[in-house]
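*Asks:* I'm passing along coords.csv; it holds CSV, C-alpha atoms.
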chain,number,residue,atom,x,y,z
A,154,MET,CA,20.3,138.4,-217.5
A,155,SER,CA,23.2,140.7,-216.6
A,156,ARG,CA,22.7,144.3,-215.4
A,157,ARG,CA,24.2,145.6,-218.6
A,158,THR,CA,21.7,143.6,-220.6
A,159,TRP,CA,18.8,145.1,-218.6
A,160,ILE,CA,20.1,148.6,-219.3
A,161,VAL,CA,20.3,148.0,-223.0
A,162,ALA,CA,16.8,146.4,-223.1
A,163,GLY,CA,15.4,149.4,-221.2
A,164,ALA,CA,17.0,151.9,-223.6
A,165,VAL,CA,15.5,150.0,-226.5
A,166,LEU,CA,12.0,150.1,-224.9
A,167,VAL,CA,12.2,153.8,-224.3
A,168,THR,CA,13.2,154.4,-227.9
A,169,LEU,CA,10.3,152.3,-229.1
A,170,VAL,CA,7.9,154.3,-226.9
A,171,VAL,CA,9.2,157.6,-228.3
A,172,ILE,CA,8.9,156.4,-231.8
A,173,THR,CA,5.3,155.3,-231.2
A,174,PHE,CA,4.3,158.7,-229.8
A,175,ALA,CA,5.9,160.5,-232.7
A,176,ALA,CA,4.2,158.3,-235.3
A,177,THR,CA,0.8,158.8,-233.5
A,178,ALA,CA,1.3,162.6,-233.5
A,179,LEU,CA,2.2,162.6,-237.2
A,180,ALA,CA,-0.9,160.4,-238.0
A,181,GLN,CA,-3.2,162.7,-236.1
A,182,GLY,CA,-2.0,165.8,-237.9
A,183,ASP,CA,-3.7,169.0,-236.8
A,184,THR,CA,-6.0,167.4,-234.1
A,185,SER,CA,-6.7,168.4,-230.5
A,186,PRO,CA,-6.2,165.9,-227.6
A,187,THR,CA,-9.9,165.1,-228.0
A,188,GLY,CA,-9.5,164.0,-231.5
A,189,LYS,CA,-11.3,166.9,-233.1
A,190,PRO,CA,-9.7,169.0,-235.8
A,191,VAL,CA,-7.9,172.1,-234.7
A,192,HIS,CA,-8.5,174.1,-237.8
A,193,THR,CA,-12.2,174.5,-238.6
A,194,ILE,CA,-14.6,177.1,-239.9
A,195,THR,CA,-18.3,177.3,-239.0
A,196,VAL,CA,-20.9,178.6,-241.4
A,197,SER,CA,-24.7,178.9,-241.3
A,198,SER,CA,-27.0,178.6,-244.3
A,199,THR,CA,-30.7,179.1,-244.9
A,200,ALA,CA,-32.7,177.7,-247.9
A,201,THR,CA,-36.3,178.3,-248.8
A,202,VAL,CA,-38.3,176.1,-251.1
A,203,LYS,CA,-41.8,177.1,-252.4
A,204,ALA,CA,-44.6,174.5,-252.8
A,205,SER,CA,-48.3,174.8,-253.6
A,206,PRO,CA,-50.6,173.8,-250.7
A,207,ASP,CA,-52.7,170.7,-251.4
A,208,GLU,CA,-55.0,170.5,-248.4
A,209,ALA,CA,-56.9,172.7,-246.0
A,210,VAL,CA,-57.8,172.2,-242.3
A,211,ILE,CA,-60.8,173.9,-240.8
A,212,GLY,CA,-62.3,173.8,-237.3
A,213,LEU,CA,-66.1,173.6,-236.9
A,214,GLY,CA,-68.1,173.7,-233.7
A,215,VAL,CA,-71.6,173.1,-232.5
A,216,HIS,CA,-73.0,174.6,-229.2
A,217,SER,CA,-76.3,173.5,-227.7
A,218,GLU,CA,-78.1,174.9,-224.7
A,219,ALA,CA,-80.7,173.3,-222.5
A,220,ALA,CA,-82.0,173.5,-218.9
A,221,GLY,CA,-80.5,170.2,-218.0
A,222,SER,CA,-77.1,168.8,-218.7
A,223,ALA,CA,-78.4,165.6,-220.2
A,224,ASP,CA,-80.7,167.5,-222.5
A,225,ALA,CA,-77.9,169.8,-223.6
A,226,PHE,CA,-75.7,166.8,-224.5
A,227,ALA,CA,-78.4,165.0,-226.3
A,228,GLN,CA,-79.3,168.1,-228.4
A,229,ASN,CA,-75.6,168.7,-229.1
A,230,ALA,CA,-75.1,165.1,-230.3
A,231,LYS,CA,-78.1,165.5,-232.6
A,232,ASP,CA,-76.8,168.8,-234.0
A,233,MET,CA,-73.3,167.4,-234.5
A,234,ARG,CA,-74.7,164.3,-236.2
A,235,SER,CA,-76.4,166.6,-238.7
A,236,VAL,CA,-73.1,168.4,-239.4
A,237,LEU,CA,-71.2,165.1,-239.9
A,238,ASP,CA,-73.9,163.9,-242.3
A,239,ALA,CA,-73.6,167.1,-244.3
A,240,LEU,CA,-69.8,166.8,-244.4
A,241,GLU,CA,-70.1,163.2,-245.7
A,242,ALA,CA,-72.6,164.3,-248.3
A,243,ALA,CA,-70.1,167.0,-249.4
A,244,GLY,CA,-67.5,164.3,-250.0
A,245,ILE,CA,-65.4,164.4,-246.8
A,246,ASP,CA,-64.1,161.0,-245.8
A,247,GLU,CA,-64.6,159.9,-242.2
A,248,LYS,CA,-60.8,159.6,-241.6
A,249,ASP,CA,-60.5,163.3,-242.4
A,250,ILE,CA,-62.7,164.3,-239.4
A,251,GLN,CA,-61.4,164.4,-235.9
A,252,THR,CA,-63.0,165.5,-232.6
A,253,THR,CA,-60.9,168.2,-230.9
A,254,ASN,CA,-63.0,169.1,-228.0
A,255,VAL,CA,-66.1,168.1,-226.1
A,256,SER,CA,-67.2,170.2,-223.1
A,257,LEU,CA,-70.2,171.0,-220.9
A,258,GLN,CA,-70.5,174.3,-219.0
A,259,GLN,CA,-73.2,175.7,-216.7
A,260,ARG,CA,-74.4,179.2,-217.7
A,261,VAL,CA,-75.9,181.5,-215.0
A,262,THR,CA,-77.6,184.7,-215.9
A,263,ASP,CA,-78.8,187.4,-213.5
A,264,ARG,CA,-76.8,185.7,-210.7
A,265,GLY,CA,-77.9,186.7,-207.2
A,266,THR,CA,-81.2,188.3,-208.4
A,267,PRO,CA,-84.8,187.0,-208.3
A,268,ASN,CA,-84.4,186.5,-212.1
A,269,GLU,CA,-81.4,184.2,-211.8
A,270,GLN,CA,-81.5,181.4,-214.4
A,271,ARG,CA,-79.3,178.4,-214.9
A,272,SER,CA,-78.7,176.4,-218.1
A,273,PHE,CA,-76.1,174.1,-219.5
A,274,VAL,CA,-74.2,174.6,-222.8
A,275,ALA,CA,-72.7,171.5,-224.5
A,276,SER,CA,-70.0,172.0,-227.1
A,277,ASN,CA,-68.4,169.7,-229.6
A,278,SER,CA,-65.6,170.8,-231.9
A,279,ILE,CA,-64.1,168.9,-234.9
A,280,GLN,CA,-61.2,169.4,-237.2
A,281,VAL,CA,-61.8,168.7,-240.9
A,282,THR,CA,-59.2,168.1,-243.5
A,283,ILE,CA,-60.2,169.0,-247.1
A,284,HIS,CA,-58.0,167.7,-250.0
A,285,ASP,CA,-59.9,169.6,-252.7
A,286,LEU,CA,-59.1,173.2,-252.2
A,287,SER,CA,-61.7,174.3,-254.6
A,288,ALA,CA,-64.4,172.8,-252.4
A,289,VAL,CA,-63.4,174.6,-249.1
A,290,GLY,CA,-66.1,177.2,-249.4
A,291,SER,CA,-68.9,174.8,-250.2
A,292,VAL,CA,-67.9,172.4,-247.4
A,293,ILE,CA,-68.0,175.3,-244.9
A,294,ASP,CA,-71.4,176.3,-246.2
A,295,ALA,CA,-72.7,172.7,-246.0
A,296,ALA,CA,-71.6,172.4,-242.4
A,297,VAL,CA,-73.0,175.8,-241.3
A,298,GLY,CA,-76.3,175.0,-243.1
A,299,ALA,CA,-76.5,171.7,-241.1
A,300,GLY,CA,-76.1,173.4,-237.8
A,301,ALA,CA,-72.4,174.3,-237.2
A,302,ASP,CA,-72.4,177.6,-235.3
A,303,SER,CA,-68.6,178.3,-235.2
A,304,VAL,CA,-66.0,178.2,-237.9
A,305,ASN,CA,-62.4,178.6,-236.8
A,306,ASP,CA,-59.4,179.8,-238.8
A,307,ILE,CA,-58.4,177.9,-242.0
A,308,ARG,CA,-55.0,176.4,-242.3
A,309,PHE,CA,-53.5,175.6,-245.7
A,310,GLN,CA,-50.7,173.0,-245.7
A,311,LEU,CA,-48.9,170.3,-247.5
A,312,SER,CA,-50.0,166.7,-247.3
A,313,ASN,CA,-46.4,165.5,-247.6
A,314,PRO,CA,-44.1,168.3,-246.3
A,315,ASP,CA,-41.1,165.9,-245.7
A,316,ALA,CA,-40.2,165.7,-249.4
A,317,VAL,CA,-40.0,169.5,-249.7
A,318,ARG,CA,-38.2,169.7,-246.3
A,319,THR,CA,-35.5,167.3,-247.6
A,320,ASP,CA,-35.1,169.5,-250.7
A,321,ALA,CA,-34.7,172.6,-248.5
A,322,LEU,CA,-32.1,170.8,-246.3
A,323,THR,CA,-30.2,169.7,-249.4
A,324,ARG,CA,-30.0,173.3,-250.7
A,325,ALA,CA,-29.0,174.6,-247.3
A,326,VAL,CA,-26.1,172.1,-247.1
A,327,ALA,CA,-25.0,173.1,-250.6
A,328,GLY,CA,-25.2,176.8,-249.6
A,329,ALA,CA,-23.1,176.0,-246.5
A,330,ARG,CA,-20.4,174.3,-248.6
A,331,ALA,CA,-20.3,177.3,-251.0
A,332,LYS,CA,-19.7,179.6,-248.1
A,333,ALA,CA,-17.1,177.3,-246.6
A,334,ASP,CA,-15.2,177.1,-249.9
A,335,ALA,CA,-15.3,180.9,-250.3
A,336,LEU,CA,-14.0,181.5,-246.7
A,337,ALA,CA,-11.3,178.8,-247.1
A,338,GLN,CA,-10.1,180.2,-250.4
A,339,ALA,CA,-9.8,183.7,-248.9
A,340,ALA,CA,-7.7,182.3,-246.1
A,341,ASP,CA,-5.6,180.2,-248.5
A,342,ALA,CA,-6.9,177.0,-247.1
A,343,THR,CA,-8.9,174.0,-248.3
A,344,VAL,CA,-12.1,172.5,-247.0
A,345,VAL,CA,-11.5,168.8,-246.0
A,346,ARG,CA,-14.7,167.4,-244.6
A,347,VAL,CA,-17.8,168.0,-242.4
A,348,VAL,CA,-17.2,167.8,-238.7
A,349,THR,CA,-20.8,168.5,-237.5
A,350,ILE,CA,-24.1,169.6,-239.0
A,351,ASP,CA,-26.8,171.1,-236.8
A,352,GLU,CA,-30.4,171.9,-237.8
A,353,GLN,CA,-31.0,175.4,-236.4
A,354,ASN,CA,-34.5,176.2,-237.4
A,355,TYR,CA,-37.4,174.7,-239.3
A,356,ARG,CA,-40.5,176.7,-240.2
A,357,PRO,CA,-43.5,174.4,-241.0
A,358,PRO,CA,-45.2,175.2,-244.3
A,359,VAL,CA,-48.5,176.3,-242.9
A,360,TYR,CA,-50.6,179.4,-243.8
A,361,ALA,CA,-53.4,180.4,-241.5
A,362,GLN,CA,-56.2,182.5,-242.8
A,363,ALA,CA,-58.7,184.2,-240.4
A,364,PHE,CA,-62.3,183.3,-241.0
A,365,ALA,CA,-65.1,185.5,-239.6
A,366,GLY,CA,-68.1,183.4,-240.7
A,367,ALA,CA,-70.0,181.7,-243.5
A,368,ALA,CA,-72.5,183.4,-245.8
A,369,LEU,CA,-75.1,180.9,-246.9
A,370,GLY,CA,-76.5,181.3,-250.4
A,371,ALA,CA,-76.3,180.0,-253.9
A,372,VAL,CA,-72.7,181.1,-254.2
A,373,PRO,CA,-70.2,179.2,-252.0
A,374,THR,CA,-68.3,181.2,-249.4
A,375,PRO,CA,-65.2,182.5,-251.2
A,376,VAL,CA,-62.0,181.0,-249.9
A,377,VAL,CA,-58.8,181.8,-251.7
A,378,PRO,CA,-55.7,179.6,-250.8
A,379,PRO,CA,-52.2,181.0,-251.1
A,380,SER,CA,-50.4,180.3,-254.3
A,381,SER,CA,-47.4,178.8,-252.5
A,382,LEU,CA,-46.1,178.0,-249.1
A,383,ASP,CA,-42.5,178.6,-247.9
A,384,VAL,CA,-40.5,175.6,-246.5
A,385,THR,CA,-37.5,177.2,-244.8
A,386,GLU,CA,-34.5,175.3,-243.2
A,387,THR,CA,-31.5,176.9,-241.4
A,388,ILE,CA,-28.4,174.8,-240.6
A,389,SER,CA,-25.0,175.3,-239.0
A,390,VAL,CA,-22.0,173.3,-240.4
A,391,VAL,CA,-18.6,173.0,-238.9
A,392,TRP,CA,-16.0,172.1,-241.6
A,393,GLU,CA,-12.4,170.9,-241.1
A,394,ILE,CA,-9.9,172.9,-243.2
A,395,SER,CA,-6.2,172.4,-244.0
Rewrite the coordinates I just gave you, this time as structure tokens.
*Replies:*
Amino acid sequence: MSRRTWIVAGAVLVTLVVITFAATALAQGDTSPTGKPVHTITVSSTATVKASPDEAVIGLGVHSEAAGSADAFAQNAKDMRSVLDALEAAGIDEKDIQTTNVSLQQRVTDRGTPNEQRSFVASNSIQVTIHDLSAVGSVIDAAVGAGADSVNDIRFQLSNPDAVRTDALTRAVAGARAKADALAQAADATVVRVVTIDEQNYRPPVYAQAFAGAALGAVPTPVVPPSSLDVTETISVVWEIS
């Protein structure tokens, strides 16, 4: 191949490279070297969905004291067995009862004096899930009557929060799109597509109610659940605009 032929071939190759780069640039449009759109807007949106609670969670405890550690544990096991039997009689399923803590502590009174005394305190705590909210008060009374000596705060929650959470996310995205359209219209632009979506904040639908104690009697301890729980989702969306 002659020198002139090489020169012509080289010129053709350079022309093809220039055309290729130009075509690529036109295909990319308004994109950065990283491939991300140059023109974007970012909006945040929060949506809240209300749902009625359908279960309650309470904490119950039994404390037993004896001179020896083995005696304290044995008494505690007996007392807790009575509480568990009472819960079963009240209609609580075994799968809805979980042990949350088992402990043993030595108690010393009048330490360093001639009257110093030592004993052991065994504790057993359980968590109980109640699906019938109208029975919460009577369940607590049954447990206390059987020997439970501590009742912790009551939590009202949803047995299936995911369905409500999905609804909140859907509404949050719709709200983000409405904001994006309004901003784009004001700027004489058009929303093209979603670039990224980030979940910023999720507040679990749980309502905690303080509980000071249980009053035993013919009338169950009054426990009033909230009428509804708020499921709140906050998202941030980056939209491409043109």
*Asks:* Could you check which of A:Thr323, A:Gln362, A:Thr374, A:Ser395 is closest to Phe309 of chain A, using all atoms listed in the file?
*Replies:*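 Using all atoms listed in the file, the shortest distance to Phe309 of chain A belongs to A:Gln362.
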*Asks:* Taking into account only C-alpha atoms, which residue in the set A:Arg271, A:Arg264, A:Lys231, A:Arg356 is nearest to Arg318 of chain A?
*Replies:*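 Between A:Arg271, A:Arg264, A:Lys231, A:Arg356, the residue approaching Arg318 of chain A most closely is A:Arg356.
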*Asks:* Could you check which of A:Gly212, A:Gly328, A:Pro314, A:Gly221 is closest to Leu382 of chain A, using all atoms listed in the file?
*Replies:*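 Looking at the shortest contact to Leu382 of chain A, the residue is A:Pro314.
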*Asks:* Can you check which parts of segment 185-265 of chain A lie within 10 Å of segment 336-353 of chain A? Per residue, the shortest pair of atoms and distance in Å to one decimal, counting only C-alpha atoms, sorted by chain and number, as a Markdown table.
*Replies:*
| residue | atom | partner | partner_atom | distance |
| --- | --- | --- | --- | --- |
| A:Lys189 | CA | A:Val348 | CA | 8.2 |
| A:Pro190 | CA | A:Val348 | CA | 8.1 |
| A:His192 | CA | A:Ala342 | CA | 9.9 |
| A:Thr193 | CA | A:Val348 | CA | 8.4 |
| A:Ile194 | CA | A:Ala337 | CA | 8.1 |
| A:Thr195 | CA | A:Thr349 | CA | 9.3 |
| A:Val196 | CA | A:Leu336 | CA | 9.2 |
| A:Ser197 | CA | A:Gln353 | CA | 8.7 |
| A:Ser198 | CA | A:Gln353 | CA | 9.4 |
| A:Thr199 | CA | A:Gln353 | CA | 9.3 |
*Asks:* With only C-alpha atoms as the atoms that count, which of A:Glu218, A:Ala361, A:Arg324, A:Val304 lies nearest to Gly290 of chain A?
*Replies:*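 Of all the options, A:Val304 lies closest to Gly290 of chain A.
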*Asks:* Kindly give the distance, in Å, that separates atom CA of Asn254 of chain A and atom CA of Val377 of chain A, rounded to a single decimal.
*Replies:*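 So the two atoms, atom CA of Asn254 of chain A and atom CA of Val377 of chain A, lie 27.2 Å apart.
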*Asks:* So which residues touch Ile293 of chain A within 9 Å, counting all atoms listed in the file, skipping near sequence neighbours fewer than 5 positions away, as a list in words?
*Replies:*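 The filter keeps Ile211, Leu213, Leu240, Ala288, Gly298, Ala301, Val304, Ala367, Pro373 and Thr374 of chain A.
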*Asks:* Just how far from atom CA of Ile388 of chain A is atom CA of Ala327 of chain A, in Å to one decimal?
*Replies:*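 So the answer is 10.7 Å.
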*Asks:* Please list as a list of chain:residue names every residue within 9 Å of Ala299 of chain A, counting all atoms listed in the file and excluding residues in the same chain fewer than 6 positions away.
*Replies:*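 Near Ala299 of chain A, the qualifying residues are A:Asp232, A:Met233, A:Ser235, A:Val236, A:Leu237, A:Asp238, A:Ala239, A:Leu240.
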*Asks:* Looking at A:Ser205, A:Ser256, A:Ser381, A:Asn313, which one is nearest to Ala275 of chain A, with distances taken over only C-alpha atoms?
*Replies:* A:Ser256
*Asks:* Could you check how far atom CA of Gln258 of chain A sits from atom CA of Arg308 of chain A, in Å to one decimal?
*Replies:* 28.1 Å
*Asks:* Just checking: using only C-alpha atoms, which residue out of A:Asp294, A:Asp207, A:Asp285, A:Asp263 ends up closest to Gly244 of chain A?
*Replies:* A:Asp285
*Asks:* Show me the residues close to (-78.0, 173.4, -224.4) - anything with an atom within 10 Å, counting all atoms listed in the file - and format the list as a VMD selection string.
*Replies:* chain A and resid 216 to 229 257 to 260 272 to 276
